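**Student:** This is the structure, below, for whatever I ask next.
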Amino acid sequence: MELLRTEKLTMKFGGLTAVNQVDFSIDKGQTVGVIGPNGSGKTTFFNLLTGIYEPADGKIFFEGKLINGARPDKNFKLGIARTFQNGRLFWGLNVLENVMIGLHTKQRSFIWEAVTHNLRAREEENQAIGKAREIIGYFSEHLLQEQDTLANSLSYADRRRLEICRALISQPKLLILDEPSAGMDPNETENLVKDIRKIHNIQPHISIIVIEHDMGLIEGLADRVMCFNYGQKIAEGLFEEVSKNKEVVRAYLGEEEEHVSA
Amino acid sequence: MDFSVVIQQLINALTLGSMYSLVAVGFTLFFGVIDLINFAHGEIYMLGAFVGLITVGFFAGTGMLASHFILVLFIVLIVAMVVSGLAGAIIERAIIRPMRGASDLMMLLLTLGVSIIIREGVMIFYPNGANPQAFPDLFPGGSVNLMGIVLKYEQMFVIGFALLMVLLLHVLVNKTKYGRYMLAISQDREAAMMMGIDINKIITFTFIVGSALGAAGGVMNGMYYNIIKFNMGFLIGIKGFSAAVVGGLGNIYGAIVGGFLLGFLEMFAAAFIPGGSQYQDVIGFAIVILFLVFKPSGIFNEKVYEKV
Amino acid sequence: MNRKTKDVLSILLIEFILFLGLLAVISVENYAICGGIILFFSVLVIYLKKKYMGLIEKIQAMFRDNKRIAKISLVCLLMTFPFFQANNPYWIQVAIMVGLYIIMALGLNVMVGNAGLVCLGYAAFYAIGAYTYGILATKFGLSFWLCLPLSGLMVMIFGFILGLPALRVKGHYLALVTIAFGLVVYQLTINLEGLTGGTNGLMNIPAPNIGNYSFNMPLDLGFTRLPFHANFYYLILVLVCLSIIVATRISNSLTGLTWNAIREDQLAAQCYGINLTKNKLWAFAFGALFGGIAGAVYASMVGFIAPENFTYSHSILILSMILLGGIDSIPGVIFGAVLLTIVPEKFRAFADYRVMFYGVVIVSILLFKNDGLISAHLRKYTSTWNLEGENLEKNVEHQENEAKIYT
């Protein structure tokens, strides 16, 4: 069943067309990898899906509903959660608090509840802590031990893991991972793949879109791959097909080369 | 409405706008090189006016004020600009540089603190500094009368000098090595550093230039209104900042246009709206707030997309 | 004597000594001696902090274990303050100002500390609260107790209005907008002469009264008579306690957490479902509320308000309080307000240097210890929740005591 679909999605920055007429769709439970050279419009495409930018042209449908130009918080409420390329955690908050923020949309208490410190406020607080601890513990016992540590003193791998926890706690329908393995060594990347696999255990029907440069990672995870170049979708299909596609090879390795190394 | 009244107000507005522009350029320069809003910049303007006043004091007994007033005027301007430029450089070296990289809020509060120290310093240490100081007339009083429009010599000088400064700045930025370096830093500081530009030197240099221009504005203010006060820098600082924002922060020509625009708006609000002179500042700020809300990137800058 | 009684007694003793120290600092007129005492105490505290960390921690733990007793006893001690100053209401008045500034600093901290929204025009809210009460009381004869919530409401409306541009701008631009807002309100108080009395201000603003008893009458307790200021002192004491409770609860709540997230990274916060519009507007309105209450009380106390009481320098003063104490640290904010109100009063012969002092304070605290004297401690409440099943409140009282050591 189709979860998200874009039609001729276009984004322009001044004279530059960063995303050019992209048609894309993802079904429930599917994992799609997005590849392409740096600056080819992958992240901009994600920013359009989450609502950070408003598309210049084209349409985005989520569960059949048009969500063009909706604010990121509205989209999050619908079930689109993301991580960021450079890791945007709340650096001054601790591990547990970072994850608790992900539950924000499920909470109804506001100033009045906070000031009176009434039953609802206390219940929601305890619930949030419980859920956050549960999900952190599922990914890493070590991170649970560090629950009072500030996000900015975590290791690179833990930050990524924390970002995934923060996104997952809201039980999103679509999870968007923006270069989760950036800056990781092969060992850490391997753990990351395990973590991403674990996501399906928590939430079986979640759809995942992942931007990656690491072909090994994509090959192991994605049901389908899409390749961007100069803002346009140049190829889409199974990993084996796309990785042998001439245009993809050219985009990645220049004119002469024949193969993409996996 | 009488046509000559409009022209008269136009000239007054140009005069006011010249001063705003000179201050606004400083804000935009600093923002360009280190993304900093220097709230102490208005105080540099005030400092310039006071240094000018002290310099004039040296000539008071000599009679040169009457005989060689042009010479005196230029000496006063140069001294004020040099001293304030150095003050700007000192602020940058001693206070801003150690904090570079701190959050926006911290930097903003820091320059705010510096502005308080300068302002209060002048109040405390200048003799009788809490009261307004008379700034002597540097020009022999006089005006040109063109078809009922009074054009004072001072006004002509203020506008002319501001235009000269703008021209010099244009040449500095576009034709000299240092100006090119400044542009390079404002585009991408790290890349500029990689290319071997001594960015610390250029940043200090930018502070000297910006502060000197502000100080020139201060002297103009003293000369034109004949009165200066220790707290005159606050409002002009806010207005200079507003002008820079209206023009688009980081854009030198935007700041100049913004300064003149603000001058026009205030002057015309004061002149043609009943009771407008009372609300001159209110109207000015209301416009700035509206501008910030609807076009935060200013007149000349393109829309900024946050990098994710 | 078991351990608990011992702890309680030592808490009482510590509080009593600090209270006496405070009284001593107040009553000594000689600047040199006074400065000496302050210097001695600050050096002592720094020395103790360096050398006997264990001792400090022990004391902290003691206060934490008996926080209810510590709080109640502190409030009781503070209630006796007017009796010591019955002949000379000056310091009672200063204490009232301290209270007002604590309330306002807490309010500003909601905006700047919790939500990270710069506000350089906070005095405007103080002014709006004061003028709302002044106008309603003098022109319409409404009672103080009705006007207090009305002032609060009025200020919250203005908070929303200031919040509107804040939705679109941030950082430097927001600073400019808030300065402009402060100036516009200031200009309006001068120019709307029919309503505000212009530069002459509003006069004869009535004091609050309960039945026939006006707050302007000396407080006759049978055995002793306290100057009328004592009435306001007790009113302020109640309001300060309320403000501290409210501010602490907000900062520790999920709402506080949400606002912190906005402070840390707006875009990420939005991508995680936080509605920036709603939260920013409420952060402004809620922070403003404190200022409005303080303004109304101030107007009722002095009976005369003029635009000069609510200038840009007042905004800066409140800001320097939270900077000095520590942004987002409630004990710090209280400490900053206490320090920056008492020290200038103590050294009022140097009144000319007062604003200069604020400037030097701002610059030096930023250059040398930019998280403030009592920096915000990391929120570990989450783990204590699990252990105790309830939120561990920040130990305000203890920090207040610490604040007094410095003063």
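Residues are referred to by chain and number: the chain letter is A, B, ... according to the order shown in the structure tokens, the number counts from 1 in that chain, and ligands are numbered separately from 1 in the order shown.
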Can you tell me which residues surround Thr31 in chain A at a distance of at most 10 Å, considering only C-alpha atoms, apart from same-chain residues fewer than 5 positions away, and format the answer as a PDB file with C-alpha atoms, in the first residue's frame?
**Tutor:**
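Generated output (selection12.pdb):
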```
ATOM      1  CA  ILE A  26       7.194   4.489  -1.266  1.00  0.00           C
ATOM      2  CA  LEU A 174       7.869   7.101   7.654  1.00  0.00           C
ATOM      3  CA  LEU A 175      11.420   7.450   8.902  1.00  0.00           C
ATOM      4  CA  ILE A 176      13.878   9.514   6.906  1.00  0.00           C
ATOM      5  CA  ILE A 206       7.464   1.434   9.131  1.00  0.00           C
ATOM      6  CA  SER A 207       8.783   2.755   5.822  1.00  0.00           C
ATOM      7  CA  ILE A 208      12.338   4.016   5.716  1.00  0.00           C
ATOM      8  CA  ILE A 209      14.076   6.301   3.248  1.00  0.00           C
ATOM      9  CA  VAL A 210      17.804   6.455   3.712  1.00  0.00           C
ATOM     10  CA  ILE A 218      22.456   0.427   0.983  1.00  0.00           C
ATOM     11  CA  LEU A 221      19.148  -2.589   3.660  1.00  0.00           C
ATOM     12  CA  ALA A 222      17.242  -1.197   0.749  1.00  0.00           C
ATOM     13  CA  ASP A 223      14.483  -2.894  -1.191  1.00  0.00           C
ATOM     14  CA  ARG A 224      14.858  -0.310  -3.881  1.00  0.00           C
ATOM     15  CA  VAL A 225      17.352   2.413  -4.788  1.00  0.00           C
TER      16      VAL A 225
END
```
**Student:** Taking only C-alpha atoms into account, produce a table as a tab-separated table in which each residue of chain C with an atom at most 7 Å from an atom of chain A appears once, together with its shortest atom pair and the distance in Å to one decimal, ordered by chain and rising number.
**Tutor:**
```
residue	atom	partner	partner_atom	distance
C:Val246	CA	A:Val115	CA	5.5
C:Arg249	CA	A:Val115	CA	5.7
C:Ile250	CA	A:Ala114	CA	5.5
C:Ser253	CA	A:Ala114	CA	5.5
C:Leu254	CA	A:Glu125	CA	6.8
C:Thr255	CA	A:Phe110	CA	5.7
C:Thr258	CA	A:Ile101	CA	6.7
C:Ala261	CA	A:Phe90	CA	6.1
C:Glu264	CA	A:Phe90	CA	5.3
C:Asp265	CA	A:Phe90	CA	6.2
C:Ala268	CA	A:Arg88	CA	6.4
C:Gln270	CA	A:Asp73	CA	5.1
C:Cys271	CA	A:Pro72	CA	4.9
C:Tyr272	CA	A:Gly102	CA	5.8
C:Gly273	CA	A:Asp73	CA	3.8
C:Ile274	CA	A:Asp73	CA	5.7
C:Asn275	CA	A:Asp73	CA	6.0
C:Lys380	CA	A:Asp148	CA	5.9
C:Thr382	CA	A:Ile129	CA	6.9
```
**Student:** Counting only C-alpha atoms, a student should be able to say which residues of chain B come within 9 Å of chain C; what is the right answer, written as a PyMOL selection string?
**Tutor:** chain B and resi 36-37+95+98-99+104-121+123-124+238+241-242+245+278-279+281-283+285-286+288-290+292-294+296+306+308
**Student:** Using the selection just defined, write its residues with C-alpha atoms as a CSV table (one decimal), in the first residue's frame.
**Tutor:**
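Result went into result-v5.csv, see below:
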```csv
chain,number,residue,atom,x,y,z
B,36,LEU,CA,28.2,40.2,14.7
B,37,ILE,CA,25.8,43.0,15.6
B,95,ILE,CA,36.7,41.9,24.0
B,98,PRO,CA,38.4,36.2,22.8
B,99,MET,CA,34.6,35.4,22.6
B,104,ASP,CA,24.7,34.9,19.2
B,105,LEU,CA,23.0,35.8,22.5
B,106,MET,CA,26.4,36.0,24.3
B,107,MET,CA,28.0,38.2,21.7
B,108,LEU,CA,25.0,40.5,21.6
B,109,LEU,CA,25.0,40.9,25.4
B,110,LEU,CA,28.8,41.4,25.3
B,111,THR,CA,28.6,44.3,22.9
B,112,LEU,CA,25.7,45.7,24.9
B,113,GLY,CA,27.9,45.6,28.0
B,114,VAL,CA,30.7,47.4,26.1
B,115,SER,CA,28.2,50.0,25.0
B,116,ILE,CA,27.2,50.7,28.5
B,117,ILE,CA,30.8,51.1,29.6
B,118,ILE,CA,31.6,53.5,26.9
B,119,ARG,CA,28.5,55.6,27.4
B,120,GLU,CA,28.8,55.8,31.2
B,121,GLY,CA,32.6,56.3,30.9
B,123,MET,CA,29.3,60.6,31.3
B,124,ILE,CA,31.6,60.1,34.3
B,238,ILE,CA,19.4,51.3,17.1
B,241,PHE,CA,21.1,48.9,12.9
B,242,SER,CA,17.6,49.3,11.7
B,245,VAL,CA,18.6,45.6,8.4
B,278,GLN,CA,6.0,63.2,18.7
B,279,TYR,CA,5.7,59.8,17.1
B,281,ASP,CA,10.6,57.3,16.5
B,282,VAL,CA,7.5,55.2,17.0
B,283,ILE,CA,6.8,55.4,13.3
B,285,PHE,CA,10.4,51.5,14.6
B,286,ALA,CA,7.0,50.3,13.6
B,288,VAL,CA,11.4,48.5,10.9
B,289,ILE,CA,9.4,45.8,12.8
B,290,LEU,CA,7.1,45.4,9.8
B,292,LEU,CA,11.7,42.4,9.8
B,293,VAL,CA,8.5,40.5,9.8
B,294,PHE,CA,7.7,40.6,6.1
B,296,PRO,CA,13.8,39.9,7.1
B,306,GLU,CA,18.4,27.8,6.4
B,308,VAL,CA,20.0,21.8,7.2
```
**Student:** Env of Phe16 in chain C: 12 Å cut, atoms = only C-alpha atoms, seq-sep filter 6 positions within chain, self excluded. Answer as a list in words.
**Tutor:** Leu9, Ser10, Leu22, Leu23, Ala70, Ser73, Leu74, Val75, Cys76, Leu77, Leu78, Thr80, Phe81, Asn401, Lys404 and Ile405 of chain C
**Student:** Find, counting only C-alpha atoms, the residue in A:Leu48, A:Leu162, A:Leu168, A:Val99 that gets nearest to Val19 in chain A.
**Tutor:** A:Leu48
**Student:** If we count only C-alpha atoms, what is near Thr189 in chain C at a cut-off of 7 Å, once residues fewer than 4 positions away on the same chain are taken out, given as a PDB file with N, CA and C atoms, in the first residue's frame?
**Tutor:**
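Writing done, so here's part.pdb:
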```
ATOM      1  N   VAL C 185       6.807  51.477  23.616  1.00  0.00           N
ATOM      2  CA  VAL C 185       5.976  51.571  24.824  1.00  0.00           C
ATOM      3  C   VAL C 185       6.376  52.791  25.646  1.00  0.00           C
ATOM      4  N   THR C 196      -1.894  58.584  30.341  1.00  0.00           N
ATOM      5  CA  THR C 196      -0.783  58.251  31.232  1.00  0.00           C
ATOM      6  C   THR C 196      -0.226  59.439  31.991  1.00  0.00           C
ATOM      7  N   GLY C 198       1.576  61.689  30.647  1.00  0.00           N
ATOM      8  CA  GLY C 198       2.790  62.126  29.963  1.00  0.00           C
ATOM      9  C   GLY C 198       4.010  62.051  30.851  1.00  0.00           C
ATOM     10  N   PRO C 307       7.218  57.757  33.186  1.00  0.00           N
ATOM     11  CA  PRO C 307       7.953  56.976  32.179  1.00  0.00           C
ATOM     12  C   PRO C 307       9.394  56.696  32.587  1.00  0.00           C
TER      13      PRO C 307
END
```
**Student:** Each residue of range 18-69 of chain A with at least one atom at most 10 Å from range 238-246 of chain A should appear once, together with its nearest atom pair and the corresponding distance in Å (one decimal); atoms considered: only C-alpha atoms; ordering: chain, then increasing residue number; output as CSV.
**Tutor:**
```
residue,atom,partner,partner_atom,distance
A:Val32,CA,A:Leu238,CA,9.6
A:Gly33,CA,A:Phe239,CA,8.7
A:Ile35,CA,A:Val242,CA,9.8
```
**Student:** Next, write the just-selected residues to a file, as a PDB file, in the first residue's frame, keeping C-alpha atoms as the atom set.
**Tutor:**
```pdb
ATOM      1  CA  VAL A  32      14.298   2.874  -0.117  1.00  0.00           C
ATOM      2  CA  GLY A  33      17.876   3.996  -0.515  1.00  0.00           C
ATOM      3  CA  ILE A  35      22.127   7.775  -3.635  1.00  0.00           C
TER       4      ILE A  35
END
```
**Student:** Taking 6 positions as the minimum chain separation for residues in the same chain, which residues sit within 9 Å of range 293-304 of chain C when counting only C-alpha atoms? Answer as a ChimeraX atom specification.
**Tutor:** /C:96-97,99-101,103-104,125-134,144,147-149,151-152,155,201-208,215-216,229,232,235-236,239
**Student:** Could you write those residues out with N, CA and C atoms, as an mmCIF file, in the first residue's frame?
**Tutor:**
```cif
data_model
loop_
_atom_site.group_PDB
_atom_site.id
_atom_site.type_symbol
_atom_site.label_atom_id
_atom_site.label_comp_id
_atom_site.auth_asym_id
_atom_site.auth_seq_id
_atom_site.Cartn_x
_atom_site.Cartn_y
_atom_site.Cartn_z
ATOM 1 N N ILE C 96 11.738 45.225 49.363
ATOM 2 C CA ILE C 96 10.599 45.132 48.441
ATOM 3 C C ILE C 96 11.092 45.208 47.001
ATOM 4 N N MET C 97 12.028 46.126 46.747
ATOM 5 C CA MET C 97 12.572 46.227 45.387
ATOM 6 C C MET C 97 13.276 44.929 44.991
ATOM 7 N N GLY C 99 12.495 42.029 45.968
ATOM 8 C CA GLY C 99 11.422 41.095 45.630
ATOM 9 C C GLY C 99 10.875 41.344 44.240
ATOM 10 N N LEU C 100 10.628 42.616 43.934
ATOM 11 C CA LEU C 100 10.090 42.945 42.604
ATOM 12 C C LEU C 100 11.059 42.510 41.510
ATOM 13 N N TYR C 101 12.348 42.766 41.747
ATOM 14 C CA TYR C 101 13.321 42.388 40.722
ATOM 15 C C TYR C 101 13.465 40.875 40.612
ATOM 16 N N ILE C 103 11.008 38.794 40.975
ATOM 17 C CA ILE C 103 9.861 38.372 40.171
ATOM 18 C C ILE C 103 10.126 38.647 38.691
ATOM 19 N N MET C 104 10.637 39.859 38.407
ATOM 20 C CA MET C 104 10.850 40.201 36.994
ATOM 21 C C MET C 104 11.960 39.372 36.377
ATOM 22 N N PHE C 125 6.996 45.581 29.873
ATOM 23 C CA PHE C 125 5.941 44.811 30.545
ATOM 24 C C PHE C 125 5.700 45.342 31.957
ATOM 25 N N TYR C 126 6.816 45.673 32.610
ATOM 26 C CA TYR C 126 6.749 46.292 33.936
ATOM 27 C C TYR C 126 5.907 47.561 33.834
ATOM 28 N N ALA C 127 6.186 48.369 32.823
ATOM 29 C CA ALA C 127 5.452 49.625 32.626
ATOM 30 C C ALA C 127 3.977 49.351 32.350
ATOM 31 N N ILE C 128 3.696 48.384 31.491
ATOM 32 C CA ILE C 128 2.296 48.131 31.131
ATOM 33 C C ILE C 128 1.519 47.674 32.360
ATOM 34 N N GLY C 129 2.141 46.809 33.176
ATOM 35 C CA GLY C 129 1.485 46.369 34.402
ATOM 36 C C GLY C 129 1.203 47.553 35.319
ATOM 37 N N ALA C 130 2.212 48.400 35.508
ATOM 38 C CA ALA C 130 2.070 49.541 36.414
ATOM 39 C C ALA C 130 1.007 50.501 35.905
ATOM 40 N N TYR C 131 1.062 50.822 34.614
ATOM 41 C CA TYR C 131 0.110 51.794 34.062
ATOM 42 C C TYR C 131 -1.301 51.210 34.032
ATOM 43 N N THR C 132 -1.426 49.916 33.774
ATOM 44 C CA THR C 132 -2.768 49.333 33.773
ATOM 45 C C THR C 132 -3.405 49.511 35.147
ATOM 46 N N TYR C 133 -2.643 49.170 36.184
ATOM 47 C CA TYR C 133 -3.200 49.350 37.524
ATOM 48 C C TYR C 133 -3.448 50.831 37.796
ATOM 49 N N GLY C 134 -2.451 51.663 37.481
ATOM 50 C CA GLY C 134 -2.576 53.099 37.773
ATOM 51 C C GLY C 134 -3.812 53.683 37.112
ATOM 52 N N PHE C 144 -7.490 47.049 44.000
ATOM 53 C CA PHE C 144 -6.200 46.457 43.658
ATOM 54 C C PHE C 144 -6.331 44.973 43.343
ATOM 55 N N CYS C 147 -7.576 44.530 40.032
ATOM 56 C CA CYS C 147 -6.663 45.050 39.007
ATOM 57 C C CYS C 147 -5.449 44.156 38.794
ATOM 58 N N LEU C 148 -5.047 43.466 39.850
ATOM 59 C CA LEU C 148 -3.846 42.638 39.726
ATOM 60 C C LEU C 148 -4.004 41.598 38.609
ATOM 61 N N PRO C 149 -5.069 40.804 38.634
ATOM 62 C CA PRO C 149 -5.246 39.882 37.499
ATOM 63 C C PRO C 149 -5.484 40.605 36.177
ATOM 64 N N SER C 151 -4.173 43.475 35.271
ATOM 65 C CA SER C 151 -2.853 43.889 34.792
ATOM 66 C C SER C 151 -2.135 42.707 34.172
ATOM 67 N N GLY C 152 -2.232 41.575 34.872
ATOM 68 C CA GLY C 152 -1.593 40.378 34.349
ATOM 69 C C GLY C 152 -2.116 40.039 32.962
ATOM 70 N N VAL C 155 -0.873 42.533 30.318
ATOM 71 C CA VAL C 155 0.525 42.301 29.972
ATOM 72 C C VAL C 155 0.665 41.065 29.098
ATOM 73 N N GLY C 201 3.662 61.916 34.680
ATOM 74 C CA GLY C 201 3.327 60.649 35.305
ATOM 75 C C GLY C 201 1.940 60.639 35.913
ATOM 76 N N LEU C 202 1.626 59.490 36.496
ATOM 77 C CA LEU C 202 0.333 59.314 37.163
ATOM 78 C C LEU C 202 0.542 59.461 38.657
ATOM 79 N N MET C 203 -0.312 60.299 39.264
ATOM 80 C CA MET C 203 -0.135 60.501 40.706
ATOM 81 C C MET C 203 -1.316 59.925 41.475
ATOM 82 N N ASN C 204 -1.137 59.855 42.798
ATOM 83 C CA ASN C 204 -2.198 59.425 43.718
ATOM 84 C C ASN C 204 -2.804 58.074 43.347
ATOM 85 N N ILE C 205 -1.938 57.151 43.045
ATOM 86 C CA ILE C 205 -2.435 55.795 42.796
ATOM 87 C C ILE C 205 -2.696 55.168 44.162
ATOM 88 N N PRO C 206 -3.908 54.675 44.389
ATOM 89 C CA PRO C 206 -4.230 54.175 45.724
ATOM 90 C C PRO C 206 -3.472 52.897 46.067
ATOM 91 N N ALA C 207 -3.226 52.729 47.360
ATOM 92 C CA ALA C 207 -2.606 51.493 47.833
ATOM 93 C C ALA C 207 -3.693 50.430 47.938
ATOM 94 N N PRO C 208 -3.316 49.176 47.960
ATOM 95 C CA PRO C 208 -4.320 48.128 48.131
ATOM 96 C C PRO C 208 -4.972 48.229 49.511
ATOM 97 N N PHE C 215 -3.226 49.480 52.963
ATOM 98 C CA PHE C 215 -1.820 49.116 53.081
ATOM 99 C C PHE C 215 -0.955 50.324 53.394
ATOM 100 N N ASN C 216 -1.550 51.510 53.359
ATOM 101 C CA ASN C 216 -0.762 52.704 53.665
ATOM 102 C C ASN C 216 -0.753 53.030 55.154
ATOM 103 N N HIS C 229 5.410 50.127 55.193
ATOM 104 C CA HIS C 229 6.123 49.340 54.183
ATOM 105 C C HIS C 229 6.040 47.847 54.465
ATOM 106 N N PHE C 232 3.560 45.922 52.467
ATOM 107 C CA PHE C 232 3.990 45.571 51.116
ATOM 108 C C PHE C 232 5.053 44.493 51.153
ATOM 109 N N LEU C 235 3.304 41.275 51.373
ATOM 110 C CA LEU C 235 2.668 41.005 50.079
ATOM 111 C C LEU C 235 3.695 40.473 49.073
ATOM 112 N N ILE C 236 4.833 41.194 49.012
ATOM 113 C CA ILE C 236 5.883 40.798 48.071
ATOM 114 C C ILE C 236 6.447 39.430 48.419
ATOM 115 N N LEU C 239 4.225 36.941 47.015
ATOM 116 C CA LEU C 239 4.320 36.883 45.547
ATOM 117 C C LEU C 239 5.630 36.267 45.089
#
```
**Student:** For a quick check of understanding, using only C-alpha atoms, which of A:Glu2, A:Glu54, A:Asp23, A:Glu247 has the smallest distance to chain B?
**Tutor:**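 Under the stated criterion, the closest residue is A:Glu54.
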**Student:** What are the DSSP strand (DSSP E) residues of range 157-354 of chain C, as a count of residues only?
**Tutor:** 8
**Student:** Go ahead and compute the interatomic distance for CA of Arg3 in chain C and CA of Leu55 in chain C, in Å to one decimal.
**Tutor:**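 Computed distance, CA of Arg3 in chain C to CA of Leu55 in chain C, equals 16.5 Å.
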**Student:** Based on DSSP run over this structure's backbone, return all residues of range 7-221 of chain C in alpha helix (DSSP H), as a ChimeraX atom specification.
**Tutor:** /C:7-27,31-51,53-65,67-79,81-84,90-109,123-140,144-168,172-191,193-196
**Student:** Please report the interatomic distance between CA of Lys65 in chain A and CA of Phe46 in chain A in Å with one decimal.
**Tutor:**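 Computing it gives 17.7 Å between the two atoms.
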**Student:** What does the structure give for the distance between CA of Lys42 in chain A and CA of Phe61 in chain A, in Å to one decimal?
**Tutor:** 18.3 Å
**Student:** Which residues are close to Glu188 in chain A, i.e. within 12 Å by only C-alpha atoms, leaving aside same-chain residues fewer than 2 positions away? Reply as a PyMOL selection string.
**Tutor:** chain A and resi 155-161+180-186+190-195+217
